[in-house]
Amino acid sequence: METHIRYTHKALVEKSKSGDRNAQYQLYELYVDAMYNIGMRFLRVKEEAEDIVQDSFVDAFKNLDGFKYESTFGAWLKRIVINKCINHLKTKRLNLTTIADHEYHLTEEVKEEAYEPADIRKVRKGIEELPPGYREILNLYLIEGYDHIEIGGILGISASTSKSQYHRAKKKLVEIIQHI
Amino acid sequence: MDNFEKHIRQNRAAFDVHKADRAKLWANIEGQLEPVKPKSIPLWRLPLLRAAAVALLLLGVTGLIGIPFITEDRNADFVSQELQDIDMHYQGLVSYHVKLVESNQQLSEEDKQEFLSFMDELDKEYEELRLEMRNNLDNQLVLQAIVNNYKKRIELIENLLEQLNEQKIDNDDDYGYTL
């Protein structure tokens, strides 16, 4: 089953590999909104998100020969967009939340709290108000669905650091939501 | 995963609230992509051209390793040159004599046709020998057969002309005798 999912849009991908502009456009149509929303979640600036999405599609189409169906095309493209977003943020010198002071929390059990189902609009607003480092890690885990090992790879941190950061970000988010 | 996380994951789609300016973005993307190459059918996929390519390749390889075909061509040139010499020599003779026979007034049309039908038969034999020469380029026996074919024609013509001359002498004698 998983194998079949990985080959989603295979015909379009293969045509795009051979430079079929129509197939490339169809792939673009399928994924542009999703990728643009990722860009907006990370960068929050329309023009910057647009630039990242454009660059990501161009890179994807130019390097499509390297795509070997190890994931879905969508997942592959999403990783390109996210990597570009993170690099962009790094160049803007938006440091991820320093974790050095919180290393001792790594082995702490994070108590599961009984959250009331939150209004999604409040959650969205709360995420926007998070400090940049928290926002990134929360987006990656909660919205984009990466696990902590993958997040570690994307952000260049260890999986345990990612886990610790995420729980702090989530706690902060809940606090913000309660005040909205 | 706690209830808060589950709630967010279940409503994941509600986080995609933005719409991209599709036309503008695509225009910029397309501008950075290489122009679409014209659709082409690889020539090597066509069987006829594939065969031609193989032939060309063989010729090329042959040219690189010892040129056996060219050597054969030289033999062919040599033999055909020999045949050309024979043709030149005998064809002139034969056609000259044939014209003599055709223009001879003493021969009846019947005799001429009979003679020419013999010549036609020898022509056919000659063509067959030429074809045989193409298959057996260095066959001296075939070459000899061609020479014999020519000789037979000339012999036929000479015999015929000799007979005519004898008749003529006889007629002349008769004529003189009368005088």
# chains A, B, ... in the order shown; residues from 1 in each chain; ligands from 1
call {"tool": "interface_residues", "arguments": {"of": "chain A", "to": "chain B", "cutoff": "6 Å", "atoms": "only C-alpha atoms", "output": "list in words"}}
result
Asp33, Asn37, Gln54, Val58 and Tyr115 of chain A
call {"tool": "residues_around", "arguments": {"residues": "stretch 84-87 of chain B", "least_positions_apart": "5", "cutoff": "9 Å", "atoms": "only C-alpha atoms", "output": "list in words"}}
result
Val79, Gly92, Ile146, Val147 and Tyr150 of chain B
call {"tool": "closest_residue", "arguments": {"among": "B:Ala145, B:Leu161, B:Leu56, B:Ala51", "to": "B:Asn104", "atoms": "only C-alpha atoms"}}
result
B:Leu161
call {"tool": "atom_distance", "arguments": {"atom1": "atom CA of A:Lys172", "atom2": "atom CA of A:Lys78"}}
result
26.3 Å
call {"tool": "residues_around", "arguments": {"residues": "A:Leu155", "least_positions_apart": "3", "cutoff": "10 Å", "atoms": "only C-alpha atoms", "output": "list in words"}}
result
Asn83, Ile86, Asn87, Leu96, Glu136, Ile137, Leu140, Glu150, Ile151, Gly152, Ser158, Ala159 and Ser162 of chain A
call {"tool": "write_last_selection", "arguments": {"atoms": "all heavy atoms", "output": "mmCIF file, in the first residue's frame"}}
result
data_model
loop_
_atom_site.group_PDB
_atom_site.id
_atom_site.type_symbol
_atom_site.label_atom_id
_atom_site.label_comp_id
_atom_site.auth_asym_id
_atom_site.auth_seq_id
_atom_site.Cartn_x
_atom_site.Cartn_y
_atom_site.Cartn_z
ATOM 1 N N ASN A 83 13.278 23.132 3.602
ATOM 2 C CA ASN A 83 14.721 23.404 3.683
ATOM 3 C C ASN A 83 15.031 24.840 3.260
ATOM 4 O O ASN A 83 15.851 25.526 3.876
ATOM 5 C CB ASN A 83 15.503 22.425 2.804
ATOM 6 C CG ASN A 83 15.606 21.053 3.442
ATOM 7 O OD1 ASN A 83 15.377 20.889 4.639
ATOM 8 N ND2 ASN A 83 15.935 20.058 2.639
ATOM 9 N N ILE A 86 13.911 27.247 6.017
ATOM 10 C CA ILE A 86 14.831 27.242 7.165
ATOM 11 C C ILE A 86 16.121 27.997 6.809
ATOM 12 O O ILE A 86 16.607 28.826 7.578
ATOM 13 C CB ILE A 86 15.168 25.790 7.594
ATOM 14 C CG1 ILE A 86 13.891 25.026 8.000
ATOM 15 C CG2 ILE A 86 16.222 25.761 8.706
ATOM 16 C CD1 ILE A 86 13.176 25.547 9.221
ATOM 17 N N ASN A 87 16.645 27.717 5.619
ATOM 18 C CA ASN A 87 17.866 28.416 5.192
ATOM 19 C C ASN A 87 17.630 29.921 5.087
ATOM 20 O O ASN A 87 18.491 30.728 5.448
ATOM 21 C CB ASN A 87 18.360 27.878 3.841
ATOM 22 C CG ASN A 87 18.943 26.485 3.984
ATOM 23 O OD1 ASN A 87 19.374 26.086 5.077
ATOM 24 N ND2 ASN A 87 18.938 25.724 2.899
ATOM 25 N N LEU A 96 17.178 30.109 16.085
ATOM 26 C CA LEU A 96 16.230 29.225 16.737
ATOM 27 C C LEU A 96 16.377 29.428 18.237
ATOM 28 O O LEU A 96 17.426 29.848 18.719
ATOM 29 C CB LEU A 96 16.532 27.781 16.356
ATOM 30 C CG LEU A 96 16.445 27.473 14.869
ATOM 31 C CD1 LEU A 96 16.787 26.022 14.642
ATOM 32 C CD2 LEU A 96 15.070 27.791 14.328
ATOM 33 N N GLU A 136 8.842 27.378 14.472
ATOM 34 C CA GLU A 136 9.354 26.460 13.450
ATOM 35 C C GLU A 136 9.226 25.003 13.876
ATOM 36 O O GLU A 136 8.747 24.155 13.126
ATOM 37 C CB GLU A 136 10.824 26.790 13.142
ATOM 38 C CG GLU A 136 10.945 28.007 12.239
ATOM 39 C CD GLU A 136 12.220 28.784 12.490
ATOM 40 O OE1 GLU A 136 13.192 28.189 12.995
ATOM 41 O OE2 GLU A 136 12.242 29.988 12.195
ATOM 42 N N ILE A 137 9.654 24.746 15.074
ATOM 43 C CA ILE A 137 9.650 23.350 15.522
ATOM 44 C C ILE A 137 8.218 22.833 15.717
ATOM 45 O O ILE A 137 7.903 21.676 15.401
ATOM 46 C CB ILE A 137 10.509 23.204 16.813
ATOM 47 C CG1 ILE A 137 11.218 21.844 16.790
ATOM 48 C CG2 ILE A 137 9.710 23.391 18.081
ATOM 49 C CD1 ILE A 137 12.491 21.828 17.585
ATOM 50 N N LEU A 140 6.821 22.192 12.252
ATOM 51 C CA LEU A 140 7.390 20.976 11.662
ATOM 52 C C LEU A 140 6.752 19.712 12.244
ATOM 53 O O LEU A 140 6.434 18.776 11.526
ATOM 54 C CB LEU A 140 8.917 20.938 11.874
ATOM 55 C CG LEU A 140 9.725 21.920 11.014
ATOM 56 C CD1 LEU A 140 11.177 21.971 11.498
ATOM 57 C CD2 LEU A 140 9.688 21.536 9.542
ATOM 58 N N GLU A 150 13.440 13.380 11.968
ATOM 59 C CA GLU A 150 13.436 14.173 10.727
ATOM 60 C C GLU A 150 13.661 15.655 11.030
ATOM 61 O O GLU A 150 14.407 16.338 10.316
ATOM 62 C CB GLU A 150 12.099 13.981 9.994
ATOM 63 C CG GLU A 150 11.930 12.596 9.393
ATOM 64 C CD GLU A 150 10.513 12.349 8.886
ATOM 65 O OE1 GLU A 150 9.550 12.702 9.600
ATOM 66 O OE2 GLU A 150 10.371 11.796 7.792
ATOM 67 N N ILE A 151 13.022 16.117 12.067
ATOM 68 C CA ILE A 151 13.193 17.539 12.426
ATOM 69 C C ILE A 151 14.655 17.813 12.796
ATOM 70 O O ILE A 151 15.218 18.843 12.417
ATOM 71 C CB ILE A 151 12.242 17.917 13.593
ATOM 72 C CG1 ILE A 151 10.790 17.822 13.118
ATOM 73 C CG2 ILE A 151 12.538 19.333 14.114
ATOM 74 C CD1 ILE A 151 9.756 17.902 14.229
ATOM 75 N N GLY A 152 15.240 16.867 13.512
ATOM 76 C CA GLY A 152 16.666 16.999 13.845
ATOM 77 C C GLY A 152 17.501 17.162 12.582
ATOM 78 O O GLY A 152 18.400 18.005 12.515
ATOM 79 N N SER A 158 19.790 17.509 17.489
ATOM 80 C CA SER A 158 19.516 16.101 17.784
ATOM 81 C C SER A 158 18.009 15.891 17.940
ATOM 82 O O SER A 158 17.250 16.848 18.154
ATOM 83 C CB SER A 158 20.223 15.706 19.085
ATOM 84 O OG SER A 158 19.610 16.377 20.171
ATOM 85 N N ALA A 159 17.596 14.634 17.835
ATOM 86 C CA ALA A 159 16.180 14.313 17.962
ATOM 87 C C ALA A 159 15.677 14.655 19.363
ATOM 88 O O ALA A 159 14.555 15.156 19.532
ATOM 89 C CB ALA A 159 15.960 12.828 17.671
ATOM 90 N N SER A 162 15.099 18.286 19.612
ATOM 91 C CA SER A 162 13.869 18.619 18.904
ATOM 92 C C SER A 162 12.655 18.336 19.788
ATOM 93 O O SER A 162 11.729 19.154 19.885
ATOM 94 C CB SER A 162 13.792 17.800 17.612
ATOM 95 O OG SER A 162 12.520 17.887 17.037
#
